[in-house]
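Trainee: Handing you this structure, nothing more for now.
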Amino acid sequence: MSLLLQSLVLGVLLGGLYALLAAGLTLYFGVMRVVMIAHSAFLILAAYLAWFFTRTTGLDPMISLLLTVPLFFGIGVVMQRLLISRLRPATLTMMSVLLTFSIALTIEGLLGFAFTGTQRRIRLPYGGANFEILGANVAVVKLIAFLLAAVSLGALFLLLKKTQFGQALRATIQHPEAARLVGINTDRVAGYGFGLGLATAAIGGTALALDSTIYPSLHWHWIGPLMAIIVVGGLGSIPGAAIAAMVLGLGQSLLQIPLGTTWAQTFFYIALFATLMLRPQGFFGGRLAQRF
Amino acid sequence: MASDSAAPSEYLLELDDIEAGYGRAALVLRGLTVKVPPATVVCLVGPNGAGKSTVLKVASGMLTPRSGTIRVAGHDVTRNNPQQMLAAGLSHVLQGHSVFKEMTVSENVMLGAYSVKDKAEVAGRVDFVKTLFPVVADRWSALAGALSGGQQKQVEFARSLMVSPRVVLLDEPSMGLDPKATATVFEQVVRMRDAGTAVLLVEQNARRALETADLGCVLDLGRVHISGPAQDLLADPQLAELYLGGRPAATTASRSSKDTTHV
């Protein structure tokens, strides 16, 4: 019973982190129909920057967010304006896979060049700290990562719902032509939307680095599960991605009890195939898909 | 923005000798001239492929003409982009449904005032469109996608009026609507005109549109074929035979755009 409870609590914490990691990925697709294979590579880049920041300054890795969030936002805007916007609309989605695949390889190569392929891990004073909740043992770093994800997704929700930029972004997602005709500069909004997606990668990567060993090719391990989450959630739907992340995170955590870590990972792919066969628009697509 | 040489004009919108097309394909508009006076409904009718919707795309800056001139109240706005056309006073309501379906009616209407910074002006326009379109007031908090087709169209009208446009460009507003909703939409077009807004209307339902409009232009092969008061066009037996439900006649070839007086 305590093992089940432990898995449930870990599943919720893991699901929250997955939700943050997948939020940007679904945002790119929602705004521009771009499949951003390099999203997980940017996550790992942010993780490396957090590790490097802590190793160099001795400060907490979360302080690195003050640098990496604006940096990634800027990279996202530039990437969209200089690269993505040059792709022909008719083949945008397909070509974006190739383009961002090459960006992922470039980031992996640069990380290997700069930091070698050696595995790295941030050493935190509270890295081994645990506490007990309802009989389940929870690592402090996992809770911090979860809280970081919850705060970031809450901020993203408020930004999209309550600000004029958020309304413009949602309008651009729902009907780009009509958005242009009410005076929205949809190219600029798309650039900022892409930047916003990459800014979530900065936060997600830092949260990931708190509790993970990192190496340059780690992004290949992540892109599959993250893609599965946004397909199950309904491409373009941030709430859908959050719900799917929670469901799949919990499922993975619970399946680790009977199947072990490696086989539990297949849950993502089974969910992906089942979604594509039964409900290709995603389980939380349709009405939810364009709401944010 | 194009040069701002303002010349006094009795027309709010003038499209003069416009040639336009998509990409490298052949021209769709071939020397088209249309003029819209204040507080008037001008209707463009014609067969499929005549270039009716393209006229509106050119007027709203979605498609840049290859040659010709566009003037709004005498100001040259020929090469303006959609944002600049909106600022100049041209508001475009697209064909089909173009509400932001997963936003509320209020969010849709407020997005119409996206480029308006004066909050008092926005509040005034909200009151104005709520009065003009009661359904907008009644369903203010509803999700726009949950409204009927006719109601969505009225939300689009309301959204287009939030910038106090000089001319509203309406592209096939009755498309996909049942007869009752179509009647309501045409009533709203008249109300917009009566409220002081000029309307350039493109419509497949030619007879119904000409009954609503003050002036009419019949487009064929990218230019104005015949133009004049809408009632005169409706009464023209040859036109009725050709474009309002009759069958084509061989005599039409003699009626070229160059012989007709443009509206």
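The chains in the structure tokens are called A, B, ... from first to last as shown; in each chain the residues are counted from 1, and the ligands are counted from 1 in the order shown.
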Show which residues sit within 12 Å of Leu71 of chain A, as a PyMOL selection string. Count only C-alpha atoms, and ignore same-chain residues fewer than 5 positions away.
Mentor: chain A and resi 42+45-46+49+64-66+76-78+195-196+198-203
Trainee: For the selection you just gave me, I'd like the residues written to a file as a PDB file, in the first residue's frame, keeping N, CA and C atoms.
Mentor:
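Writing done, so here's result-v5.pdb:
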ATOM      1  N   PHE A  42      16.779  22.048 -26.400  1.00  0.00           N
ATOM      2  CA  PHE A  42      16.854  23.305 -25.654  1.00  0.00           C
ATOM      3  C   PHE A  42      16.674  23.059 -24.150  1.00  0.00           C
ATOM      4  N   LEU A  45      19.990  21.998 -23.074  1.00  0.00           N
ATOM      5  CA  LEU A  45      20.875  23.172 -23.097  1.00  0.00           C
ATOM      6  C   LEU A  45      20.651  24.013 -21.836  1.00  0.00           C
ATOM      7  N   ALA A  46      19.383  24.219 -21.466  1.00  0.00           N
ATOM      8  CA  ALA A  46      19.076  24.991 -20.256  1.00  0.00           C
ATOM      9  C   ALA A  46      19.611  24.267 -19.017  1.00  0.00           C
ATOM     10  N   LEU A  49      23.257  24.883 -18.877  1.00  0.00           N
ATOM     11  CA  LEU A  49      23.552  26.258 -18.464  1.00  0.00           C
ATOM     12  C   LEU A  49      23.349  26.417 -16.957  1.00  0.00           C
ATOM     13  N   SER A  64      19.905  30.968 -12.169  1.00  0.00           N
ATOM     14  CA  SER A  64      20.272  31.039 -13.596  1.00  0.00           C
ATOM     15  C   SER A  64      19.080  31.361 -14.480  1.00  0.00           C
ATOM     16  N   LEU A  65      17.868  31.134 -13.953  1.00  0.00           N
ATOM     17  CA  LEU A  65      16.657  31.439 -14.738  1.00  0.00           C
ATOM     18  C   LEU A  65      16.575  32.914 -15.110  1.00  0.00           C
ATOM     19  N   LEU A  66      17.153  33.773 -14.251  1.00  0.00           N
ATOM     20  CA  LEU A  66      17.131  35.215 -14.549  1.00  0.00           C
ATOM     21  C   LEU A  66      17.856  35.502 -15.860  1.00  0.00           C
ATOM     22  N   GLY A  76      14.203  32.245 -29.229  1.00  0.00           N
ATOM     23  CA  GLY A  76      12.958  31.781 -29.848  1.00  0.00           C
ATOM     24  C   GLY A  76      12.428  32.777 -30.861  1.00  0.00           C
ATOM     25  N   VAL A  77      12.433  34.068 -30.484  1.00  0.00           N
ATOM     26  CA  VAL A  77      11.933  35.103 -31.391  1.00  0.00           C
ATOM     27  C   VAL A  77      12.794  35.143 -32.655  1.00  0.00           C
ATOM     28  N   VAL A  78      14.115  35.136 -32.457  1.00  0.00           N
ATOM     29  CA  VAL A  78      15.038  35.208 -33.599  1.00  0.00           C
ATOM     30  C   VAL A  78      14.887  33.963 -34.483  1.00  0.00           C
ATOM     31  N   GLY A 195       9.019  32.468 -28.837  1.00  0.00           N
ATOM     32  CA  GLY A 195       9.917  32.841 -27.739  1.00  0.00           C
ATOM     33  C   GLY A 195       9.385  32.362 -26.400  1.00  0.00           C
ATOM     34  N   LEU A 196       8.077  32.485 -26.240  1.00  0.00           N
ATOM     35  CA  LEU A 196       7.440  32.048 -24.993  1.00  0.00           C
ATOM     36  C   LEU A 196       7.615  30.533 -24.814  1.00  0.00           C
ATOM     37  N   LEU A 198      10.004  28.717 -25.978  1.00  0.00           N
ATOM     38  CA  LEU A 198      11.396  28.417 -25.642  1.00  0.00           C
ATOM     39  C   LEU A 198      11.728  28.864 -24.218  1.00  0.00           C
ATOM     40  N   ALA A 199      11.050  29.922 -23.751  1.00  0.00           N
ATOM     41  CA  ALA A 199      11.253  30.359 -22.358  1.00  0.00           C
ATOM     42  C   ALA A 199      10.796  29.267 -21.389  1.00  0.00           C
ATOM     43  N   THR A 200       9.723  28.545 -21.762  1.00  0.00           N
ATOM     44  CA  THR A 200       9.287  27.433 -20.891  1.00  0.00           C
ATOM     45  C   THR A 200      10.339  26.319 -20.885  1.00  0.00           C
ATOM     46  N   ALA A 201      11.069  26.212 -22.026  1.00  0.00           N
ATOM     47  CA  ALA A 201      12.140  25.205 -22.083  1.00  0.00           C
ATOM     48  C   ALA A 201      13.263  25.571 -21.108  1.00  0.00           C
ATOM     49  N   ALA A 202      13.532  26.875 -20.957  1.00  0.00           N
ATOM     50  CA  ALA A 202      14.577  27.314 -20.018  1.00  0.00           C
ATOM     51  C   ALA A 202      14.198  26.897 -18.598  1.00  0.00           C
ATOM     52  N   ILE A 203      12.926  27.112 -18.242  1.00  0.00           N
ATOM     53  CA  ILE A 203      12.481  26.764 -16.884  1.00  0.00           C
ATOM     54  C   ILE A 203      12.437  25.241 -16.728  1.00  0.00           C
TER      55      ILE A 203
END
Trainee: Pick out the chain A residues within 12 Å of chain B. Count only C-alpha atoms. Give them as a PDB file with N, CA and C atoms, in the first residue's frame.
Mentor:
ATOM      1  N   LEU A 160      -1.801  34.130 -21.039  1.00  0.00           N
ATOM      2  CA  LEU A 160      -2.630  33.859 -22.219  1.00  0.00           C
ATOM      3  C   LEU A 160      -4.072  34.329 -22.028  1.00  0.00           C
ATOM      4  N   LYS A 161      -4.554  34.272 -20.791  1.00  0.00           N
ATOM      5  CA  LYS A 161      -5.962  34.606 -20.545  1.00  0.00           C
ATOM      6  C   LYS A 161      -6.189  36.084 -20.264  1.00  0.00           C
ATOM      7  N   LYS A 162      -5.245  36.708 -19.569  1.00  0.00           N
ATOM      8  CA  LYS A 162      -5.541  38.031 -19.022  1.00  0.00           C
ATOM      9  C   LYS A 162      -4.835  39.201 -19.709  1.00  0.00           C
ATOM     10  N   THR A 163      -3.872  38.938 -20.547  1.00  0.00           N
ATOM     11  CA  THR A 163      -3.153  40.064 -21.152  1.00  0.00           C
ATOM     12  C   THR A 163      -3.579  40.247 -22.611  1.00  0.00           C
ATOM     13  N   GLN A 164      -3.333  41.444 -23.134  1.00  0.00           N
ATOM     14  CA  GLN A 164      -3.685  41.707 -24.525  1.00  0.00           C
ATOM     15  C   GLN A 164      -2.827  40.854 -25.460  1.00  0.00           C
ATOM     16  N   PHE A 165      -1.548  40.653 -25.067  1.00  0.00           N
ATOM     17  CA  PHE A 165      -0.694  39.786 -25.885  1.00  0.00           C
ATOM     18  C   PHE A 165      -1.260  38.367 -25.924  1.00  0.00           C
ATOM     19  N   GLY A 166      -1.717  37.887 -24.760  1.00  0.00           N
ATOM     20  CA  GLY A 166      -2.288  36.537 -24.698  1.00  0.00           C
ATOM     21  C   GLY A 166      -3.503  36.405 -25.601  1.00  0.00           C
ATOM     22  N   GLN A 167      -4.350  37.443 -25.582  1.00  0.00           N
ATOM     23  CA  GLN A 167      -5.533  37.405 -26.447  1.00  0.00           C
ATOM     24  C   GLN A 167      -5.128  37.399 -27.915  1.00  0.00           C
ATOM     25  N   ALA A 168      -4.117  38.221 -28.236  1.00  0.00           N
ATOM     26  CA  ALA A 168      -3.648  38.272 -29.621  1.00  0.00           C
ATOM     27  C   ALA A 168      -3.079  36.917 -30.042  1.00  0.00           C
ATOM     28  N   LEU A 169      -2.358  36.273 -29.118  1.00  0.00           N
ATOM     29  CA  LEU A 169      -1.761  34.963 -29.419  1.00  0.00           C
ATOM     30  C   LEU A 169      -2.857  33.914 -29.632  1.00  0.00           C
ATOM     31  N   ARG A 170      -3.871  33.934 -28.765  1.00  0.00           N
ATOM     32  CA  ARG A 170      -4.966  32.970 -28.901  1.00  0.00           C
ATOM     33  C   ARG A 170      -5.741  33.221 -30.191  1.00  0.00           C
ATOM     34  N   ALA A 171      -5.941  34.508 -30.510  1.00  0.00           N
ATOM     35  CA  ALA A 171      -6.645  34.833 -31.762  1.00  0.00           C
ATOM     36  C   ALA A 171      -5.834  34.344 -32.955  1.00  0.00           C
ATOM     37  N   THR A 172      -4.513  34.518 -32.895  1.00  0.00           N
ATOM     38  CA  THR A 172      -3.640  34.071 -33.981  1.00  0.00           C
ATOM     39  C   THR A 172      -3.705  32.551 -34.128  1.00  0.00           C
ATOM     40  N   ILE A 173      -3.780  31.845 -32.992  1.00  0.00           N
ATOM     41  CA  ILE A 173      -3.889  30.388 -33.033  1.00  0.00           C
ATOM     42  C   ILE A 173      -5.218  29.975 -33.676  1.00  0.00           C
ATOM     43  N   GLN A 174      -6.298  30.667 -33.295  1.00  0.00           N
ATOM     44  CA  GLN A 174      -7.636  30.228 -33.713  1.00  0.00           C
ATOM     45  C   GLN A 174      -7.993  30.622 -35.149  1.00  0.00           C
ATOM     46  N   HIS A 175      -7.604  31.819 -35.576  1.00  0.00           N
ATOM     47  CA  HIS A 175      -7.945  32.255 -36.932  1.00  0.00           C
ATOM     48  C   HIS A 175      -6.952  33.330 -37.371  1.00  0.00           C
ATOM     49  N   PRO A 176      -5.800  32.904 -37.918  1.00  0.00           N
ATOM     50  CA  PRO A 176      -4.729  33.870 -38.238  1.00  0.00           C
ATOM     51  C   PRO A 176      -5.190  34.993 -39.171  1.00  0.00           C
ATOM     52  N   GLU A 177      -6.012  34.651 -40.167  1.00  0.00           N
ATOM     53  CA  GLU A 177      -6.429  35.661 -41.145  1.00  0.00           C
ATOM     54  C   GLU A 177      -7.306  36.729 -40.480  1.00  0.00           C
ATOM     55  N   ALA A 178      -8.268  36.259 -39.671  1.00  0.00           N
ATOM     56  CA  ALA A 178      -9.137  37.216 -38.968  1.00  0.00           C
ATOM     57  C   ALA A 178      -8.315  38.033 -37.975  1.00  0.00           C
ATOM     58  N   ALA A 179      -7.313  37.405 -37.362  1.00  0.00           N
ATOM     59  CA  ALA A 179      -6.454  38.129 -36.410  1.00  0.00           C
ATOM     60  C   ALA A 179      -5.730  39.280 -37.111  1.00  0.00           C
ATOM     61  N   ARG A 180      -5.244  39.016 -38.324  1.00  0.00           N
ATOM     62  CA  ARG A 180      -4.572  40.083 -39.090  1.00  0.00           C
ATOM     63  C   ARG A 180      -5.532  41.226 -39.369  1.00  0.00           C
ATOM     64  N   LEU A 181      -6.774  40.852 -39.671  1.00  0.00           N
ATOM     65  CA  LEU A 181      -7.755  41.863 -40.076  1.00  0.00           C
ATOM     66  C   LEU A 181      -8.279  42.701 -38.913  1.00  0.00           C
ATOM     67  N   VAL A 182      -8.069  42.263 -37.658  1.00  0.00           N
ATOM     68  CA  VAL A 182      -8.422  43.147 -36.544  1.00  0.00           C
ATOM     69  C   VAL A 182      -7.207  43.979 -36.104  1.00  0.00           C
ATOM     70  N   GLY A 183      -6.128  43.874 -36.860  1.00  0.00           N
ATOM     71  CA  GLY A 183      -4.979  44.735 -36.605  1.00  0.00           C
ATOM     72  C   GLY A 183      -3.845  44.085 -35.834  1.00  0.00           C
ATOM     73  N   ILE A 184      -3.930  42.764 -35.620  1.00  0.00           N
ATOM     74  CA  ILE A 184      -2.850  42.080 -34.903  1.00  0.00           C
ATOM     75  C   ILE A 184      -1.706  41.801 -35.873  1.00  0.00           C
ATOM     76  N   ASN A 185      -0.502  42.158 -35.457  1.00  0.00           N
ATOM     77  CA  ASN A 185       0.669  41.830 -36.269  1.00  0.00           C
ATOM     78  C   ASN A 185       1.000  40.364 -35.983  1.00  0.00           C
ATOM     79  N   THR A 186       0.408  39.485 -36.781  1.00  0.00           N
ATOM     80  CA  THR A 186       0.489  38.053 -36.476  1.00  0.00           C
ATOM     81  C   THR A 186       1.916  37.509 -36.594  1.00  0.00           C
ATOM     82  N   SER A 237      -3.127  22.177 -27.703  1.00  0.00           N
ATOM     83  CA  SER A 237      -3.882  22.462 -26.483  1.00  0.00           C
ATOM     84  C   SER A 237      -2.975  22.407 -25.255  1.00  0.00           C
ATOM     85  N   GLY A 286     -10.248  19.041 -29.818  1.00  0.00           N
ATOM     86  CA  GLY A 286     -11.595  19.555 -30.074  1.00  0.00           C
ATOM     87  C   GLY A 286     -11.828  20.859 -29.363  1.00  0.00           C
ATOM     88  N   ARG A 287     -12.832  20.902 -28.510  1.00  0.00           N
ATOM     89  CA  ARG A 287     -13.212  22.162 -27.875  1.00  0.00           C
ATOM     90  C   ARG A 287     -12.089  22.746 -27.019  1.00  0.00           C
ATOM     91  N   LEU A 288     -11.371  21.859 -26.312  1.00  0.00           N
ATOM     92  CA  LEU A 288     -10.295  22.365 -25.461  1.00  0.00           C
ATOM     93  C   LEU A 288      -9.101  22.839 -26.273  1.00  0.00           C
ATOM     94  N   ALA A 289      -8.943  22.246 -27.452  1.00  0.00           N
ATOM     95  CA  ALA A 289      -7.677  22.391 -28.184  1.00  0.00           C
ATOM     96  C   ALA A 289      -7.274  23.829 -28.433  1.00  0.00           C
ATOM     97  N   GLN A 290      -8.238  24.702 -28.741  1.00  0.00           N
ATOM     98  CA  GLN A 290      -7.858  26.041 -29.131  1.00  0.00           C
ATOM     99  C   GLN A 290      -8.169  27.074 -28.049  1.00  0.00           C
ATOM    100  N   ARG A 291      -8.620  26.580 -26.906  1.00  0.00           N
ATOM    101  CA  ARG A 291      -9.087  27.529 -25.896  1.00  0.00           C
ATOM    102  C   ARG A 291      -7.972  28.435 -25.410  1.00  0.00           C
ATOM    103  N   PHE A 292      -6.758  27.955 -25.373  1.00  0.00           N
ATOM    104  CA  PHE A 292      -5.672  28.813 -24.888  1.00  0.00           C
ATOM    105  C   PHE A 292      -4.773  29.210 -26.025  1.00  0.00           C
TER     106      PHE A 292
END
Trainee: For Gly154 of chain A, which residue among A:Ile238, A:Val138, A:Ala264, A:Leu218 is the nearest when counting only C-alpha atoms?
Mentor: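 Counting only C-alpha atoms, the residue closest to Gly154 of chain A is A:Ile238.
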Trainee: How would you write, as a ChimeraX atom specification, the set of residues in segment 128-224 of chain B that DSSP gives as helix (DSSP H, G or I)?
Mentor: /B:128-132,134-138,144-146,149-161,179-194,206-212
Trainee: If you keep C-alpha atoms, can you produce a file of those selected residues as a short mmCIF file (atom, residue, chain, number, x, y, z; two decimals), in the first residue's frame?
Mentor:
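Result file is selection-v7.cif:
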data_model
loop_
_atom_site.label_atom_id
_atom_site.label_comp_id
_atom_site.auth_asym_id
_atom_site.auth_seq_id
_atom_site.Cartn_x
_atom_site.Cartn_y
_atom_site.Cartn_z
CA PHE B 128 -22.91 51.22 -30.04
CA VAL B 129 -22.49 47.65 -31.34
CA LYS B 130 -24.60 46.22 -28.51
CA THR B 131 -27.42 48.54 -29.54
CA LEU B 132 -26.98 47.80 -33.23
CA PRO B 134 -28.92 42.99 -29.77
CA VAL B 135 -27.73 39.38 -30.02
CA VAL B 136 -24.21 40.58 -29.14
CA ALA B 137 -25.53 42.13 -25.92
CA ASP B 138 -27.69 39.08 -25.14
CA ALA B 144 -18.64 32.50 -29.82
CA GLY B 145 -18.31 28.99 -31.29
CA ALA B 146 -21.51 27.97 -29.50
CA GLY B 149 -24.17 30.76 -37.90
CA GLY B 150 -26.28 33.91 -38.18
CA GLN B 151 -25.38 35.01 -34.66
CA GLN B 152 -21.68 34.42 -35.34
CA LYS B 153 -21.96 36.61 -38.42
CA GLN B 154 -23.44 39.41 -36.30
CA VAL B 155 -20.56 39.07 -33.84
CA GLU B 156 -18.20 39.47 -36.81
CA PHE B 157 -20.10 42.59 -37.91
CA ALA B 158 -19.90 44.00 -34.39
CA ARG B 159 -16.16 43.22 -34.23
CA SER B 160 -15.59 44.99 -37.55
CA LEU B 161 -17.37 48.13 -36.31
CA PRO B 179 -33.14 31.90 -45.11
CA LYS B 180 -34.17 33.38 -41.76
CA ALA B 181 -30.57 34.06 -40.70
CA THR B 182 -29.84 35.44 -44.18
CA ALA B 183 -32.75 37.89 -43.84
CA THR B 184 -31.43 39.00 -40.44
CA VAL B 185 -27.92 39.49 -41.81
CA PHE B 186 -29.16 41.67 -44.68
CA GLU B 187 -31.27 43.69 -42.23
CA GLN B 188 -28.10 44.27 -40.21
CA VAL B 189 -26.26 45.44 -43.33
CA VAL B 190 -28.96 48.09 -43.81
CA ARG B 191 -28.69 49.06 -40.14
CA MET B 192 -24.94 49.50 -40.50
CA ARG B 193 -25.55 51.76 -43.50
CA ASP B 194 -28.25 53.70 -41.62
CA ALA B 206 -27.18 38.47 -56.25
CA ARG B 207 -30.87 39.29 -56.25
CA ARG B 208 -31.08 39.50 -52.45
CA ALA B 209 -27.93 41.61 -52.31
CA LEU B 210 -29.14 44.06 -54.97
CA GLU B 211 -32.44 44.40 -53.13
CA THR B 212 -30.43 45.48 -50.08
#
Trainee: Got a sec: who's within 6 Å of segment 225-228 of chain A, counting only C-alpha atoms, leaving out chain neighbours fewer than 5 positions off, as a short mmCIF file (atom, residue, chain, number, x, y, z; two decimals) with N, CA and C atoms, in the first residue's frame?
Mentor:
data_model
loop_
_atom_site.label_atom_id
_atom_site.label_comp_id
_atom_site.auth_asym_id
_atom_site.auth_seq_id
_atom_site.Cartn_x
_atom_site.Cartn_y
_atom_site.Cartn_z
N ALA A 22 6.25 19.84 -21.76
CA ALA A 22 5.48 19.69 -23.00
C ALA A 22 4.76 20.97 -23.40
N PHE A 268 4.10 5.49 -22.64
CA PHE A 268 3.94 6.68 -23.48
C PHE A 268 3.63 6.29 -24.91
N LEU A 272 0.40 6.70 -27.19
CA LEU A 272 0.51 7.42 -28.47
C LEU A 272 -0.17 6.64 -29.59
#
Trainee: May I ask for the distance between atom CA of Ser67 of chain B and atom CA of Gly89 of chain B, given in Å to one decimal place?
Mentor: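 Going from atom CA of Ser67 of chain B over to atom CA of Gly89 of chain B, I get 21.5 Å.
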Trainee: Please identify all polymer residues within 10 Å of segment 116-126 of chain A, counting only C-alpha atoms, omitting same-chain residues fewer than 6 positions from it, and present them as a list of chain:residue names.
Mentor: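 Counting only C-alpha atoms, the residues come to A:Ala47, A:Tyr48, A:Ala50, A:Trp51, A:Phe52, A:Phe53, A:Thr54, A:Arg55, A:Gly58, A:Leu59, A:Asp60, A:Pro61, A:Glu108, A:Gly109, A:Leu110, A:Ala139, A:Val140, A:Val141, A:Ala209, A:Leu210, A:Asp211, A:Ser212, A:Thr213, A:Ile214, A:Tyr215, A:Pro216, A:Ser217, A:Leu218.
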Trainee: Take the residues that were just selected and, keeping N, CA and C atoms, output them as a PDB file, in the first residue's frame.
Mentor:
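Below is the file out04.pdb, written as the result:
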ATOM      1  N   ALA A  47      19.488  22.939 -19.028  1.00  0.00           N
ATOM      2  CA  ALA A  47      19.992  22.157 -17.901  1.00  0.00           C
ATOM      3  C   ALA A  47      21.504  22.327 -17.774  1.00  0.00           C
ATOM      4  N   TYR A  48      22.201  22.284 -18.917  1.00  0.00           N
ATOM      5  CA  TYR A  48      23.659  22.475 -18.906  1.00  0.00           C
ATOM      6  C   TYR A  48      24.021  23.879 -18.414  1.00  0.00           C
ATOM      7  N   ALA A  50      22.301  25.744 -16.422  1.00  0.00           N
ATOM      8  CA  ALA A  50      22.059  25.792 -14.977  1.00  0.00           C
ATOM      9  C   ALA A  50      23.213  25.126 -14.230  1.00  0.00           C
ATOM     10  N   TRP A  51      23.656  23.977 -14.745  1.00  0.00           N
ATOM     11  CA  TRP A  51      24.779  23.261 -14.131  1.00  0.00           C
ATOM     12  C   TRP A  51      26.048  24.116 -14.182  1.00  0.00           C
ATOM     13  N   PHE A  52      26.306  24.700 -15.345  1.00  0.00           N
ATOM     14  CA  PHE A  52      27.519  25.510 -15.527  1.00  0.00           C
ATOM     15  C   PHE A  52      27.476  26.749 -14.618  1.00  0.00           C
ATOM     16  N   PHE A  53      26.283  27.340 -14.518  1.00  0.00           N
ATOM     17  CA  PHE A  53      26.097  28.522 -13.680  1.00  0.00           C
ATOM     18  C   PHE A  53      26.430  28.191 -12.227  1.00  0.00           C
ATOM     19  N   THR A  54      25.887  27.082 -11.754  1.00  0.00           N
ATOM     20  CA  THR A  54      26.104  26.695 -10.357  1.00  0.00           C
ATOM     21  C   THR A  54      27.565  26.331 -10.108  1.00  0.00           C
ATOM     22  N   ARG A  55      28.159  25.604 -11.070  1.00  0.00           N
ATOM     23  CA  ARG A  55      29.564  25.208 -10.908  1.00  0.00           C
ATOM     24  C   ARG A  55      30.473  26.429 -10.888  1.00  0.00           C
ATOM     25  N   GLY A  58      28.670  29.049  -7.841  1.00  0.00           N
ATOM     26  CA  GLY A  58      28.348  28.455  -6.549  1.00  0.00           C
ATOM     27  C   GLY A  58      26.943  28.808  -6.073  1.00  0.00           C
ATOM     28  N   LEU A  59      26.208  29.535  -6.904  1.00  0.00           N
ATOM     29  CA  LEU A  59      24.843  29.934  -6.530  1.00  0.00           C
ATOM     30  C   LEU A  59      23.834  28.852  -6.904  1.00  0.00           C
ATOM     31  N   ASP A  60      22.632  29.000  -6.367  1.00  0.00           N
ATOM     32  CA  ASP A  60      21.577  28.029  -6.670  1.00  0.00           C
ATOM     33  C   ASP A  60      21.240  28.065  -8.169  1.00  0.00           C
ATOM     34  N   PRO A  61      21.045  26.878  -8.773  1.00  0.00           N
ATOM     35  CA  PRO A  61      20.774  26.846 -10.228  1.00  0.00           C
ATOM     36  C   PRO A  61      19.518  27.620 -10.637  1.00  0.00           C
ATOM     37  N   GLU A 108      23.262  19.546 -29.708  1.00  0.00           N
ATOM     38  CA  GLU A 108      23.926  18.374 -29.115  1.00  0.00           C
ATOM     39  C   GLU A 108      25.434  18.426 -29.391  1.00  0.00           C
ATOM     40  N   GLY A 109      25.783  18.770 -30.640  1.00  0.00           N
ATOM     41  CA  GLY A 109      27.203  18.847 -31.013  1.00  0.00           C
ATOM     42  C   GLY A 109      27.924  19.938 -30.233  1.00  0.00           C
ATOM     43  N   LEU A 110      27.286  21.081 -30.100  1.00  0.00           N
ATOM     44  CA  LEU A 110      27.921  22.184 -29.383  1.00  0.00           C
ATOM     45  C   LEU A 110      28.101  21.855 -27.893  1.00  0.00           C
ATOM     46  N   ALA A 139      11.418  13.456  -2.342  1.00  0.00           N
ATOM     47  CA  ALA A 139      12.675  14.213  -2.416  1.00  0.00           C
ATOM     48  C   ALA A 139      12.343  15.697  -2.579  1.00  0.00           C
ATOM     49  N   VAL A 140      13.075  16.543  -1.858  1.00  0.00           N
ATOM     50  CA  VAL A 140      12.827  17.994  -1.900  1.00  0.00           C
ATOM     51  C   VAL A 140      12.979  18.532  -3.325  1.00  0.00           C
ATOM     52  N   VAL A 141      13.993  18.030  -4.049  1.00  0.00           N
ATOM     53  CA  VAL A 141      14.229  18.540  -5.410  1.00  0.00           C
ATOM     54  C   VAL A 141      13.051  18.236  -6.339  1.00  0.00           C
ATOM     55  N   ALA A 209      17.249  19.681 -14.386  1.00  0.00           N
ATOM     56  CA  ALA A 209      18.640  19.564 -13.947  1.00  0.00           C
ATOM     57  C   ALA A 209      18.751  19.377 -12.434  1.00  0.00           C
ATOM     58  N   LEU A 210      17.718  19.781 -11.696  1.00  0.00           N
ATOM     59  CA  LEU A 210      17.789  19.665 -10.235  1.00  0.00           C
ATOM     60  C   LEU A 210      17.908  18.210  -9.798  1.00  0.00           C
ATOM     61  N   ASP A 211      17.319  17.318 -10.607  1.00  0.00           N
ATOM     62  CA  ASP A 211      17.213  15.935 -10.153  1.00  0.00           C
ATOM     63  C   ASP A 211      17.656  14.927 -11.212  1.00  0.00           C
ATOM     64  N   SER A 212      18.432  15.378 -12.189  1.00  0.00           N
ATOM     65  CA  SER A 212      18.807  14.452 -13.265  1.00  0.00           C
ATOM     66  C   SER A 212      20.298  14.537 -13.562  1.00  0.00           C
ATOM     67  N   THR A 213      20.819  13.426 -14.021  1.00  0.00           N
ATOM     68  CA  THR A 213      22.156  13.414 -14.587  1.00  0.00           C
ATOM     69  C   THR A 213      22.011  13.778 -16.056  1.00  0.00           C
ATOM     70  N   ILE A 214      22.819  14.728 -16.511  1.00  0.00           N
ATOM     71  CA  ILE A 214      22.643  15.201 -17.886  1.00  0.00           C
ATOM     72  C   ILE A 214      23.857  14.873 -18.759  1.00  0.00           C
ATOM     73  N   TYR A 215      23.594  14.684 -20.034  1.00  0.00           N
ATOM     74  CA  TYR A 215      24.638  14.473 -21.037  1.00  0.00           C
ATOM     75  C   TYR A 215      24.095  14.976 -22.369  1.00  0.00           C
ATOM     76  N   PRO A 216      24.943  15.304 -23.333  1.00  0.00           N
ATOM     77  CA  PRO A 216      24.481  16.011 -24.543  1.00  0.00           C
ATOM     78  C   PRO A 216      23.378  15.314 -25.333  1.00  0.00           C
ATOM     79  N   SER A 217      23.386  13.982 -25.386  1.00  0.00           N
ATOM     80  CA  SER A 217      22.376  13.296 -26.217  1.00  0.00           C
ATOM     81  C   SER A 217      21.112  12.946 -25.436  1.00  0.00           C
ATOM     82  N   LEU A 218      20.984  13.462 -24.211  1.00  0.00           N
ATOM     83  CA  LEU A 218      19.831  13.122 -23.374  1.00  0.00           C
ATOM     84  C   LEU A 218      18.503  13.547 -24.000  1.00  0.00           C
TER      85      LEU A 218
END
